[in-house]
Amino acid sequence: MQASIAVDLQPIVQYLLRIGDTCLIHAQRISEWSGHAPILEEDIAMSNMALDLIGQSRAVLTLAGQLEGRGHDEDQLAFLRQEKDYRNLTMVELPRGDFAFTVVRNAMMATLMKLLWERLHESSNAELAAIAGKAVKEARYHQQHAADWVVRLGDSTDEARQRIEKALRELWLYVPELFESDAIDEAASAAGIGPRWTDLQAKWLEEMDAILGEATLQRPDDAAFRSTGKRGVHSEHMGYILAEMQYLQRAYPGGVW
Amino acid sequence: MATRSERAWDVLGTVLDPEVPALSVRDLGIVRDVVEHDDRLEVVLTPTYSGCPATEVIEHDVLAAIEKAGLGPAYVTLQRAPAWTTDWISAEGRRKLFEYGIAPPGPAPDGAVPIRIFGRKADTVICPRCGSKNTERLSAFGSTACKSMYRCIACREPFEHFKPI
């Protein structure tokens with residue numbers, strides 16, 4: 001078994017890991033629909049979106065490794081870290097749930113990522129700005145697609161509506177984490193690397209409200225609960241994802257396609 | 001006598017995209033520059049989609065073709081900015097796509113596009129089989145990241161559309 005790598009978690013590296021890991025774990029969950037989606041078109045859509053997210057994650061993790069300065073590449077960062085060193089949002093590690101849950105989560109994440117990439121396109125780091133310039137186009141397409149589905153299910157049959165309302169209530173518990181600001185965000189913002197995520201909140205709520213409004217759904221109330229994946233403290237689901245995702249590199253160290 | 005880089009451009013016009021083999025990498029507009037550095041040739045490529053699995057194959061094919069033409073040694077540099085857009089597909093490339101049965105992309109959306117839920121008018125996509133404008137989208141995503149699925153109402157044939165991005 002290949003040993004875990006120790007990552008030098010400087011603030012800027014953590015800021016990038018939050019982005020790269022969120023894309024990576026989100027892609028891992030979405031790809032669970034490959035071969036299982038309710039209709040063929042969605043099977044293809046989900047696989048396509050997962051592919052975009054993995055591409056974005058690869059680029060950001062590569063950059064994180066360069067800035068970290070310990071010679072870690074994208075594969076080592078993706079597959080050889082311990083759970084506590086992942087910095088993804090807790091929301092993306094939750095089990096895939098039913099199709100309604102997936103659709104709501106996709107809409108939330110695509111909206112967040114679109115707003116984030118738009119800002120990162122102005123990053124003081126030229127490579128990050130370049131990655132964002134490409135990724136924002138993909139995120140826009142994902143958001144449009146997910147939003148169409150939220151409306152389709154929300155303003156639909158009783159069963160679809162019940163499911164999407166339930167998904168919305170469950171996922172909303174994990175929304176505050178998206179916009180919690182901390183020292184990592186402050187450091188990245190001060191260095192001109194990227195925005196504080198809290199600065200994306202107003203626009204995110206505005207766009208989510210627009211989607212939910214069309215779907216005749218109501219935004220749930222905020223709860224007191226705070227998830228902490230961004231700080232490396234994950235839900236019980238994370239270990240299972242890593243076990244599956246890391247298996248190959250752990251069992252066959254250095255294995256390549 | 002053509003220079004080494006001019007000959008390389010000609011060679012690149014014969015390297016096909018592995019996922020859309022109707023187009024050369026040059027038609028696709030991903031070859032941004034060919035630069036001669038003393039004995040080595042630098043080919044600057046811009047990837048299409050972040051997760052496009054063809055990127056690595058294309059790099060390999062480009063180098064193999066240049067070596068084979070006796071223009072090596074060469075190496076590839078990936079340039080992300082400015083981001084690739086379907087507007088870079090050449091007129092020749094668009095014609096080839098259409099003949100191959102893939103509807104070419106219209107102009108790429110300029111900057112931020114507000115999300116539209118209702119009243120969204122689909123782009124007019126012309127059926128590459130019968131030329132009708134009476135077509136509808138079946139699926140936002142297709143067999144590769146760069147395409148979506150359409151159907152022609154007039155001739156009833158399904159076809160692919162290269163998404164403008």
# chains A, B, ... in the order shown; residues from 1 in each chain; ligands from 1
>>> closest_atom_pairs(of="chain A", to="chain B", cutoff="8 Å", atoms="only C-alpha atoms", output="CSV")
residue,atom,partner,partner_atom,distance
A:Glu41,CA,B:Ser139,CA,5.9
A:Ile44,CA,B:Phe141,CA,6.4
A:Ala45,CA,B:Phe141,CA,5.1
A:Asn48,CA,B:Ala145,CA,5.8
A:Leu51,CA,B:Gly51,CA,5.0
A:Asp52,CA,B:Gly51,CA,4.5
A:Leu53,CA,B:Gly51,CA,7.0
A:Ile54,CA,B:Gly51,CA,6.1
A:Gly55,CA,B:Gly51,CA,3.6
A:Gln56,CA,B:Ser50,CA,5.5
A:Ala59,CA,B:Ser50,CA,7.9
A:Glu127,CA,B:Arg80,CA,7.8
A:Ala130,CA,B:Ala81,CA,4.9
A:Ile131,CA,B:Arg80,CA,6.6
A:Gly133,CA,B:Ala83,CA,5.8
A:Lys134,CA,B:Ala83,CA,5.2
A:Ala135,CA,B:Ser50,CA,6.7
A:Lys137,CA,B:Ile165,CA,6.7
A:Glu138,CA,B:Tyr49,CA,7.9
A:Arg140,CA,B:Val113,CA,7.8
A:Gln143,CA,B:Ile115,CA,7.7
A:Gln144,CA,B:Ile115,CA,6.0
A:His145,CA,B:Ala140,CA,7.4
A:Ala147,CA,B:Ile117,CA,7.2
A:Asp148,CA,B:Ile117,CA,6.2
A:Val151,CA,B:Ile117,CA,7.8
A:Ile211,CA,B:Ile117,CA,7.5
A:Glu214,CA,B:Ile117,CA,7.3
>>> select_by_dssp(residues="chain B", states="strand (DSSP E)", output="JSON, numbers by chain")
{"B": [31, 32, 33, 34, 35, 36, 37, 40, 41, 42, 43, 44, 45, 74, 75, 76, 77, 78, 102, 103, 135, 136, 137, 138, 139, 147, 148, 149, 150, 151, 152, 158, 159, 160, 161, 162]}
>>> residues_around(residues="region 94-100 of chain B", least_positions_apart="4", cutoff="9 Å", atoms="only C-alpha atoms", output="count of residues only")
13
>>> closest_residue(among="A:Thr22, A:Leu112, A:Asp8, A:Asp222", to="Gln66 (chain A)", atoms="only C-alpha atoms")
A:Asp8
>>> atom_distance(atom1="CA of Ile30 (chain B)", atom2="CA of Arg4 (chain B)")
19.4 Å
>>> residues_around(residues="Ala27 (chain A)", least_positions_apart="2", cutoff="8 Å", atoms="only C-alpha atoms", output="VMD selection string")
chain A and resid 23 to 25 29 to 31 49 to 51 53 to 54
>>> residues_around(residues="region 182-191 of chain A", least_positions_apart="4", cutoff="8 Å", atoms="only C-alpha atoms", output="ChimeraX atom specification")
/A:11-12,14-15,124,195-197
>>> residues_around(residues="Trp33 (chain A)", least_positions_apart="4", cutoff="10 Å", atoms="only C-alpha atoms", output="list in words")
Gln28, Arg29, Ala37, Pro38, Glu42, Asp43, Ile44, Ala45, Met46, Ser47, Ala50, Arg96, Phe99 and Thr102 of chain A
>>> write_last_selection(atoms="C-alpha atoms", output="short mmCIF file (atom, residue, chain, number, x, y, z; two decimals), in the first residue's frame")
data_model
loop_
_atom_site.label_atom_id
_atom_site.label_comp_id
_atom_site.auth_asym_id
_atom_site.auth_seq_id
_atom_site.Cartn_x
_atom_site.Cartn_y
_atom_site.Cartn_z
CA GLN A 28 -17.13 11.40 -8.10
CA ARG A 29 -20.72 11.57 -6.82
CA ALA A 37 -29.67 7.60 -14.58
CA PRO A 38 -33.43 7.50 -15.16
CA GLU A 42 -29.32 12.21 -18.32
CA ASP A 43 -26.87 9.37 -18.07
CA ILE A 44 -24.85 11.08 -20.78
CA ALA A 45 -25.35 14.54 -19.28
CA MET A 46 -24.15 13.42 -15.85
CA SER A 47 -21.08 11.69 -17.27
CA ALA A 50 -18.44 14.79 -14.23
CA ARG A 96 -26.05 10.78 -4.36
CA PHE A 99 -32.57 12.04 -8.92
CA THR A 102 -28.87 15.16 -7.49
#
>>> residues_around(residues="Ser156 (chain A)", least_positions_apart="5", cutoff="12 Å", atoms="only C-alpha atoms", output="JSON, numbers by chain")
{"A": [100, 149, 150, 151, 161, 162, 163, 164, 165, 214, 215, 216, 217]}
>>> closest_atom_pairs(of="region 42-147 of chain A", to="region 169-181 of chain A", cutoff="12 Å", atoms="only C-alpha atoms", output="tab-separated table")
residue	atom	partner	partner_atom	distance
A:Arg87	CA	A:Glu177	CA	11.8
A:Asn88	CA	A:Leu178	CA	10.0
A:Leu89	CA	A:Leu178	CA	7.0
A:Thr90	CA	A:Tyr174	CA	7.0
A:Met91	CA	A:Tyr174	CA	5.6
A:Val92	CA	A:Tyr174	CA	9.4
A:Glu93	CA	A:Tyr174	CA	10.8
A:Leu94	CA	A:Leu171	CA	9.0
A:Pro95	CA	A:Leu171	CA	11.2
A:Arg96	CA	A:Leu171	CA	11.4
A:Gly97	CA	A:Glu170	CA	10.6
A:Ala100	CA	A:Leu171	CA	11.0
A:Phe101	CA	A:Leu171	CA	7.9
A:Thr102	CA	A:Leu171	CA	10.0
A:Val103	CA	A:Leu171	CA	11.0
A:Val104	CA	A:Leu171	CA	8.0
A:Arg105	CA	A:Leu171	CA	7.1
A:Asn106	CA	A:Leu171	CA	10.9
A:Ala107	CA	A:Leu171	CA	11.2
A:Met108	CA	A:Val175	CA	8.7
A:Met109	CA	A:Leu178	CA	9.5
A:Thr111	CA	A:Leu178	CA	11.5
A:Leu112	CA	A:Leu178	CA	8.3
A:Met113	CA	A:Leu178	CA	10.6
A:Leu116	CA	A:Leu178	CA	11.1
>>> closest_residue(among="A:Arg119, A:His237, A:Arg152, A:Lys114", to="Ala139 (chain A)", atoms="only C-alpha atoms")
A:Lys114
>>> select_by_dssp(residues="region 41-235 of chain A", states="helix (DSSP H, G or I)", output="number ranges by chain")
A: 41-68, 74-79, 83-85, 90-93, 99-120, 126-154, 158-172, 175-179, 183-190, 197-214, 229-231
>>> closest_residue(among="B:Asn134, B:Thr14, B:Thr55, B:Thr46", to="Thr86 (chain B)", atoms="only C-alpha atoms")
B:Thr46
>>> atom_distance(atom1="CA of Pro164 (chain B)", atom2="CA of Thr124 (chain B)")
11.9 Å
>>> decode(residues="region 80-123 of chain A", atoms="N, CA and C atoms", output="short mmCIF file (atom, residue, chain, number, x, y, z; two decimals), in the first residue's frame")
data_model
loop_
_atom_site.label_atom_id
_atom_site.label_comp_id
_atom_site.auth_asym_id
_atom_site.auth_seq_id
_atom_site.Cartn_x
_atom_site.Cartn_y
_atom_site.Cartn_z
N LEU A 80 -3.70 10.36 -2.82
CA LEU A 80 -2.85 9.90 -1.73
C LEU A 80 -2.93 10.76 -0.47
N ARG A 81 -3.91 11.62 -0.40
CA ARG A 81 -4.05 12.39 0.84
C ARG A 81 -4.92 11.65 1.84
N GLN A 82 -4.75 12.00 3.10
CA GLN A 82 -5.66 11.48 4.11
C GLN A 82 -6.91 12.35 4.15
N GLU A 83 -7.96 11.78 4.69
CA GLU A 83 -9.26 12.46 4.69
C GLU A 83 -9.18 13.89 5.24
N LYS A 84 -8.45 14.07 6.31
CA LYS A 84 -8.40 15.39 6.96
C LYS A 84 -7.74 16.45 6.08
N ASP A 85 -7.02 16.01 5.04
CA ASP A 85 -6.35 16.96 4.16
C ASP A 85 -7.18 17.34 2.94
N TYR A 86 -8.37 16.78 2.81
CA TYR A 86 -9.28 17.21 1.73
C TYR A 86 -10.05 18.43 2.21
N ARG A 87 -10.31 19.34 1.29
CA ARG A 87 -10.92 20.62 1.68
C ARG A 87 -12.24 20.89 0.94
N ASN A 88 -12.88 19.83 0.45
CA ASN A 88 -14.15 20.02 -0.27
C ASN A 88 -15.29 20.37 0.67
N LEU A 89 -16.30 21.00 0.11
CA LEU A 89 -17.53 21.28 0.85
C LEU A 89 -18.19 19.96 1.24
N THR A 90 -18.77 19.94 2.43
CA THR A 90 -19.45 18.72 2.88
C THR A 90 -20.60 18.37 1.92
N MET A 91 -21.25 19.39 1.38
CA MET A 91 -22.42 19.13 0.53
C MET A 91 -22.14 18.13 -0.59
N VAL A 92 -20.96 18.20 -1.18
CA VAL A 92 -20.70 17.35 -2.34
C VAL A 92 -20.37 15.90 -1.96
N GLU A 93 -20.08 15.67 -0.66
CA GLU A 93 -19.75 14.29 -0.29
C GLU A 93 -20.98 13.51 0.15
N LEU A 94 -22.11 14.17 0.31
CA LEU A 94 -23.33 13.46 0.71
C LEU A 94 -23.68 12.43 -0.36
N PRO A 95 -24.22 11.27 0.05
CA PRO A 95 -24.58 10.24 -0.94
C PRO A 95 -25.47 10.80 -2.04
N ARG A 96 -25.41 10.18 -3.19
CA ARG A 96 -26.05 10.78 -4.36
C ARG A 96 -27.55 10.94 -4.22
N GLY A 97 -28.18 10.13 -3.37
CA GLY A 97 -29.62 10.26 -3.16
C GLY A 97 -30.41 9.89 -4.40
N ASP A 98 -31.66 10.40 -4.47
CA ASP A 98 -32.46 10.12 -5.66
C ASP A 98 -32.16 11.19 -6.72
N PHE A 99 -32.87 11.11 -7.83
CA PHE A 99 -32.57 12.04 -8.92
C PHE A 99 -32.86 13.49 -8.53
N ALA A 100 -33.91 13.67 -7.72
CA ALA A 100 -34.26 15.03 -7.30
C ALA A 100 -33.13 15.63 -6.46
N PHE A 101 -32.56 14.82 -5.58
CA PHE A 101 -31.46 15.28 -4.72
C PHE A 101 -30.28 15.70 -5.59
N THR A 102 -29.98 14.87 -6.58
CA THR A 102 -28.87 15.16 -7.49
C THR A 102 -29.10 16.45 -8.26
N VAL A 103 -30.32 16.63 -8.72
CA VAL A 103 -30.65 17.81 -9.53
C VAL A 103 -30.51 19.09 -8.70
N VAL A 104 -31.01 19.05 -7.46
CA VAL A 104 -30.92 20.24 -6.61
C VAL A 104 -29.46 20.54 -6.27
N ARG A 105 -28.73 19.50 -5.92
CA ARG A 105 -27.32 19.71 -5.59
C ARG A 105 -26.56 20.24 -6.80
N ASN A 106 -26.83 19.68 -7.97
CA ASN A 106 -26.16 20.17 -9.18
C ASN A 106 -26.46 21.64 -9.42
N ALA A 107 -27.70 22.04 -9.20
CA ALA A 107 -28.06 23.45 -9.41
C ALA A 107 -27.32 24.33 -8.41
N MET A 108 -27.27 23.90 -7.16
CA MET A 108 -26.58 24.69 -6.14
C MET A 108 -25.09 24.81 -6.45
N MET A 109 -24.48 23.68 -6.79
CA MET A 109 -23.04 23.68 -7.01
C MET A 109 -22.66 24.41 -8.30
N ALA A 110 -23.43 24.19 -9.36
CA ALA A 110 -23.09 24.85 -10.63
C ALA A 110 -23.24 26.36 -10.49
N THR A 111 -24.24 26.79 -9.73
CA THR A 111 -24.43 28.23 -9.51
C THR A 111 -23.24 28.79 -8.73
N LEU A 112 -22.85 28.07 -7.68
CA LEU A 112 -21.69 28.51 -6.88
C LEU A 112 -20.43 28.57 -7.74
N MET A 113 -20.18 27.49 -8.47
CA MET A 113 -18.94 27.42 -9.24
C MET A 113 -18.92 28.46 -10.35
N LYS A 114 -20.06 28.70 -10.96
CA LYS A 114 -20.09 29.71 -12.02
C LYS A 114 -19.68 31.07 -11.45
N LEU A 115 -20.27 31.43 -10.29
CA LEU A 115 -19.96 32.72 -9.68
C LEU A 115 -18.50 32.78 -9.24
N LEU A 116 -18.00 31.64 -8.74
CA LEU A 116 -16.61 31.60 -8.29
C LEU A 116 -15.65 31.72 -9.48
N TRP A 117 -15.90 30.94 -10.54
CA TRP A 117 -15.00 31.00 -11.71
C TRP A 117 -15.02 32.40 -12.33
N GLU A 118 -16.18 33.04 -12.33
CA GLU A 118 -16.24 34.40 -12.89
C GLU A 118 -15.26 35.32 -12.17
N ARG A 119 -15.22 35.18 -10.86
CA ARG A 119 -14.31 36.02 -10.07
C ARG A 119 -12.86 35.57 -10.22
N LEU A 120 -12.66 34.24 -10.27
CA LEU A 120 -11.29 33.72 -10.38
C LEU A 120 -10.65 34.07 -11.72
N HIS A 121 -11.49 34.39 -12.69
CA HIS A 121 -10.96 34.78 -13.99
C HIS A 121 -10.14 36.08 -13.88
N GLU A 122 -10.36 36.81 -12.78
CA GLU A 122 -9.59 38.04 -12.54
C GLU A 122 -8.48 37.81 -11.52
N SER A 123 -8.16 36.56 -11.25
CA SER A 123 -7.15 36.25 -10.24
C SER A 123 -5.80 36.85 -10.57
#
